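**Q** Input: one structure, supplied below.
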Amino acid sequence: MRRRTRSERDSKKDEKFRAVIDANTSLSMYNKKNRSYCIVRRDLAKDYDIEVDASEAPVLNKMLNDPDPYESSMADIKILEEEIFPINDAIKEVFGESKDLQLNTIKLSIGGSKTDYVTIDETDLIKFDVKPTLTGLMSFIEENQESILGFLDCNYINEEGNVIYLNCGKKNLSDNIYSIKLKILASMQQRGFFLQQEHKYYGLQLFLIIESKIPNDDKLLELLKELEIDWELIFFRRRLAIHDWTEIECERDSENLKSYLRAKFESLNYFDVNNITRLVTKNNLAFIVADKMASLLHKMKSERTFQIQEKKFQKPSFSGEDYPGDEYSITLKKAEIAAAAKLACAYLGIQKEIKFDRDISNAEVIKYQEELTNI
C-alpha cells in the first residue's frame, strides 16, 4: 500500500483562523482545497446610530413572494462616507480605477426630515443616469448631500435571518482574486447580543469578503495594508504562538516530539523518528536542535532518492539495491543521526558534546557530516 504524503493527508482539511484587530474589527481567513476566503468584519453599532420604525410587513408580506422585515430601519449616511467609500478607494488603488465595485443593492431616503422622506433604490439611480458603481453613488451623494438623510434596509433574506442594507461587488480583479464583495447587514440571529451589549435593536455590521486562489496573494496583502490592517503582524503573531506552543509541548514529552517529526518530515519512518528522539533525550537537546536534525536527515534521504532515480533513468540496468526509490522504507543509520545532531548544534551555535552509542565510529560520523554539509 502506498503511503500517503503529508500534503495528501492535509488536502481534505479546511483551515480557519480569526484575528481580532481592534474593538470594532476582526479578520478571518478560511482556506479550502482550491479557494481561500478573507473576511473583514467591522462592527458599526458602536459608532453609528440607526432609526427603527414599524414597517408595512404585516400586510405586504401577504402579497410579496419575498418577505420584508417587520421593522423599517434607516442607517446614518456617514457610514457610506466614512466606511464604504474609503474601502472602494483602496480597491481601486490596488487593482486599478477600472475595478470600481458594482452597486447591486441600496435604498436611499431623500426628504426634509426623518418623518418626511421618500426612498429610491439602485434601479432609480440608473434612471437618473447615475453610474451603478460605488464611485457613482459617492458622486450622487455629494451632489445631493442636503436632501439625503440615510440609507434603509432593502432586502430581507428570510432563510439566513439577515437584513441587507448595502450589497456591492466585483469579479475577476486579478489572476488570483476571484471576487470582492462588500456588504452592510444586520443579523436577526445576533439581535440579542446587540441588545445586551449596545442596547440597540439592530446591530449593523460591515463585511468585506475576498475570494482568492491562494491565501497569501500579493494583491490581497497589499489591499489589507491599504485598509490599515497589519497583516504581517497578524501572521507573525500566529506563527510565533504556534511555534512556542509546539516547542513547549515537544520538550515536555518525547511522544509529542515523535508525533511532530512524523507529521512534518514525511521521509522519516518509524525507526528514524524513534532513534532521533532517543538521541535528543539522551543528550537533553532542545527542540530547535531536534527540528534541525530532522530537516537535515529528511533532505539527505530525499537527495539520495533523487540521485538513485536519476541513475536509473540514465542507466536502465542500474538496480539501486543499496538505496531503493522509496526513501521512507530505508532506515537511517545511527551514525547518520549522530552526524546530524553534531551538525545541527554547530549550525545553531550550541556548544554541546554529543554522546552516542559505542558501536558508532567517529570516522563514520565525520563521513556523514561531510555528506550532510554538502546537501
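Starting from 1 in every chain, residues are counted up; chains themselves are A, B, ... following the order of the C-alpha cells, and ligands are numbered from 1 as listed.
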If you count only C-alpha atoms, which residues fall within 9 Å of segment 48-56 of chain A, apart from same-chain ones fewer than 6 positions away, as a PyMOL selection string?
**A** chain A and resi 68-76+78-79+114+200-204
**Q** With a distance cut-off of 12 Å and only C-alpha atoms, select the neighbouring residues of Ser98 of chain A, excluding the residue or stretch itself and same-chain residues fewer than 2 positions from it, and output the selection as a list in words.
**A**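 The neighbour list is Asn88, Asp89, Ile91, Lys92, Glu93, Val94, Phe95, Gly96, Asp100, Leu101, Gln102, Thr133, Leu134, Thr135, Lys170, Lys171, Asn172, Leu173 and Ser174 of chain A.
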**Q** How far is it from atom CA of Leu220 of chain A to atom CA of Gly136 of chain A, in Å with one decimal?
**A**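 These atoms are spaced 24.4 Å apart.
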**Q** Residues near Phe235 of chain A, anyone? I mean within 12 Å using only C-alpha atoms, not counting same-chain ones fewer than 6 positions away, as a list in words.
**A** Phe17, Arg18, Ala19, Leu27, Ser28, Met29, Pro215, Asn216, Leu221, Ile229, Ala241 and Ile242 of chain A
**Q** Report the distance between atom CA of Phe271 of chain A and atom CA of Leu332 of chain A in Å, rounded to one decimal place.
**A** 8.0 Å
**Q** From a backbone DSSP assignment, name each residue in segment 117-242 of chain A labelled strand (DSSP E), as an MDAnalysis selection string.
**A** chainID A and resid 117:121 148:152 155:157 162:171 177:187 204:212
**Q** Could you take the residues named above and write them with N, CA and C atoms, as a short mmCIF file (atom, residue, chain, number, x, y, z; two decimals), in the first residue's frame?
**A**
data_model
loop_
_atom_site.label_atom_id
_atom_site.label_comp_id
_atom_site.auth_asym_id
_atom_site.auth_seq_id
_atom_site.Cartn_x
_atom_site.Cartn_y
_atom_site.Cartn_z
N TYR A 117 -39.91 61.77 4.13
CA TYR A 117 -38.96 61.40 3.08
C TYR A 117 -39.58 60.39 2.12
N VAL A 118 -38.92 60.20 0.98
CA VAL A 118 -39.26 59.14 0.02
C VAL A 118 -38.00 58.31 -0.20
N THR A 119 -38.15 57.13 -0.78
CA THR A 119 -36.99 56.25 -0.99
C THR A 119 -36.73 56.06 -2.49
N ILE A 120 -35.45 55.88 -2.82
CA ILE A 120 -35.04 55.49 -4.17
C ILE A 120 -34.04 54.35 -4.04
N ASP A 121 -34.07 53.43 -4.99
CA ASP A 121 -33.13 52.31 -4.94
C ASP A 121 -32.18 52.36 -6.12
N ILE A 148 -30.28 64.00 1.27
CA ILE A 148 -30.16 62.57 1.55
C ILE A 148 -30.01 62.37 3.06
N LEU A 149 -30.95 61.67 3.65
CA LEU A 149 -30.99 61.51 5.10
C LEU A 149 -30.25 60.27 5.57
N GLY A 150 -30.26 59.21 4.78
CA GLY A 150 -29.62 57.96 5.18
C GLY A 150 -29.92 56.88 4.16
N PHE A 151 -29.64 55.63 4.53
CA PHE A 151 -29.99 54.50 3.65
C PHE A 151 -30.69 53.45 4.49
N LEU A 152 -31.62 52.74 3.86
CA LEU A 152 -32.53 51.87 4.59
C LEU A 152 -32.31 50.40 4.27
N ASN A 155 -33.36 44.60 1.64
CA ASN A 155 -33.58 43.19 1.30
C ASN A 155 -33.55 42.38 2.59
N TYR A 156 -34.51 41.49 2.74
CA TYR A 156 -34.56 40.62 3.91
C TYR A 156 -34.45 39.18 3.43
N ILE A 157 -33.36 38.50 3.82
CA ILE A 157 -33.16 37.12 3.43
C ILE A 157 -33.69 36.25 4.57
N ASN A 162 -30.97 37.60 7.71
CA ASN A 162 -30.15 38.79 7.51
C ASN A 162 -30.93 39.89 6.82
N VAL A 163 -30.81 41.09 7.36
CA VAL A 163 -31.38 42.28 6.71
C VAL A 163 -30.23 43.00 5.99
N ILE A 164 -30.36 43.16 4.67
CA ILE A 164 -29.29 43.73 3.86
C ILE A 164 -29.56 45.22 3.63
N TYR A 165 -28.54 46.04 3.86
CA TYR A 165 -28.62 47.48 3.64
C TYR A 165 -27.80 47.92 2.42
N LEU A 166 -26.74 47.20 2.16
CA LEU A 166 -25.88 47.52 1.01
C LEU A 166 -25.25 46.23 0.52
N ASN A 167 -25.23 46.08 -0.80
CA ASN A 167 -24.59 44.91 -1.40
C ASN A 167 -23.91 45.34 -2.69
N CYS A 168 -22.61 45.17 -2.75
CA CYS A 168 -21.87 45.52 -3.96
C CYS A 168 -20.70 44.56 -4.12
N GLY A 169 -20.13 44.50 -5.31
CA GLY A 169 -19.04 43.56 -5.52
C GLY A 169 -18.43 43.69 -6.90
N LYS A 170 -17.39 42.89 -7.11
CA LYS A 170 -16.67 42.87 -8.38
C LYS A 170 -16.02 41.51 -8.54
N LYS A 171 -16.06 40.96 -9.78
CA LYS A 171 -15.46 39.66 -10.05
C LYS A 171 -14.18 39.83 -10.87
N ILE A 177 -7.35 36.79 -7.56
CA ILE A 177 -8.52 37.30 -6.81
C ILE A 177 -9.77 37.07 -7.64
N TYR A 178 -10.59 36.11 -7.22
CA TYR A 178 -11.80 35.78 -7.97
C TYR A 178 -12.89 36.84 -7.80
N SER A 179 -13.07 37.33 -6.58
CA SER A 179 -14.14 38.30 -6.36
C SER A 179 -13.92 39.04 -5.05
N ILE A 180 -14.54 40.23 -4.98
CA ILE A 180 -14.60 41.00 -3.74
C ILE A 180 -16.05 41.43 -3.55
N LYS A 181 -16.58 41.15 -2.36
CA LYS A 181 -17.94 41.56 -2.03
C LYS A 181 -17.90 42.47 -0.81
N LEU A 182 -18.74 43.48 -0.84
CA LEU A 182 -18.83 44.42 0.27
C LEU A 182 -20.29 44.53 0.68
N LYS A 183 -20.58 44.24 1.94
CA LYS A 183 -21.97 44.22 2.40
C LYS A 183 -22.10 44.94 3.73
N ILE A 184 -23.27 45.54 3.93
CA ILE A 184 -23.69 46.01 5.25
C ILE A 184 -24.98 45.28 5.57
N LEU A 185 -25.02 44.63 6.72
CA LEU A 185 -26.21 43.86 7.09
C LEU A 185 -26.42 43.88 8.60
N ALA A 186 -27.61 43.46 8.97
CA ALA A 186 -27.94 43.23 10.38
C ALA A 186 -28.46 41.81 10.49
N SER A 187 -27.93 41.06 11.44
CA SER A 187 -28.33 39.68 11.62
C SER A 187 -29.40 39.57 12.70
N LEU A 204 -25.69 46.90 13.11
CA LEU A 204 -25.16 46.89 11.74
C LEU A 204 -23.72 46.41 11.72
N GLN A 205 -23.41 45.62 10.69
CA GLN A 205 -22.05 45.12 10.52
C GLN A 205 -21.64 45.25 9.06
N LEU A 206 -20.38 45.61 8.87
CA LEU A 206 -19.81 45.71 7.53
C LEU A 206 -18.97 44.46 7.28
N PHE A 207 -19.17 43.83 6.13
CA PHE A 207 -18.41 42.65 5.75
C PHE A 207 -17.71 42.89 4.42
N LEU A 208 -16.39 42.69 4.41
CA LEU A 208 -15.60 42.69 3.18
C LEU A 208 -15.15 41.25 2.95
N ILE A 209 -15.60 40.64 1.86
CA ILE A 209 -15.35 39.22 1.60
C ILE A 209 -14.50 39.11 0.34
N ILE A 210 -13.30 38.57 0.48
CA ILE A 210 -12.37 38.44 -0.65
C ILE A 210 -12.15 36.96 -0.92
N GLU A 211 -12.51 36.53 -2.12
CA GLU A 211 -12.33 35.14 -2.53
C GLU A 211 -11.12 35.07 -3.45
N SER A 212 -10.14 34.25 -3.10
CA SER A 212 -8.90 34.20 -3.87
C SER A 212 -8.46 32.77 -4.10
#
**Q** Which one of A:Asn158, A:Gln307, A:Asn362, A:Ser302 sits closest to Pro67 of chain A if you count only C-alpha atoms?
**A**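 Looking only at the distances to Pro67 of chain A, the closest residue turns out to be A:Asn158.
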**Q** Which is closest to Asn284 of chain A among A:Asp230, A:Arg252, A:Thr246, A:Leu224, if we use only C-alpha atoms?
**A**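 Ranking A:Asp230, A:Arg252, A:Thr246, A:Leu224 by distance to Asn284 of chain A, first place goes to A:Arg252.
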**Q** Set the distance at 10 Å and use only C-alpha atoms: which residues neighbour Leu343 of chain A once local chain neighbours fewer than 2 positions away are removed? I'd like the list as a count of residues only.
**A** 21
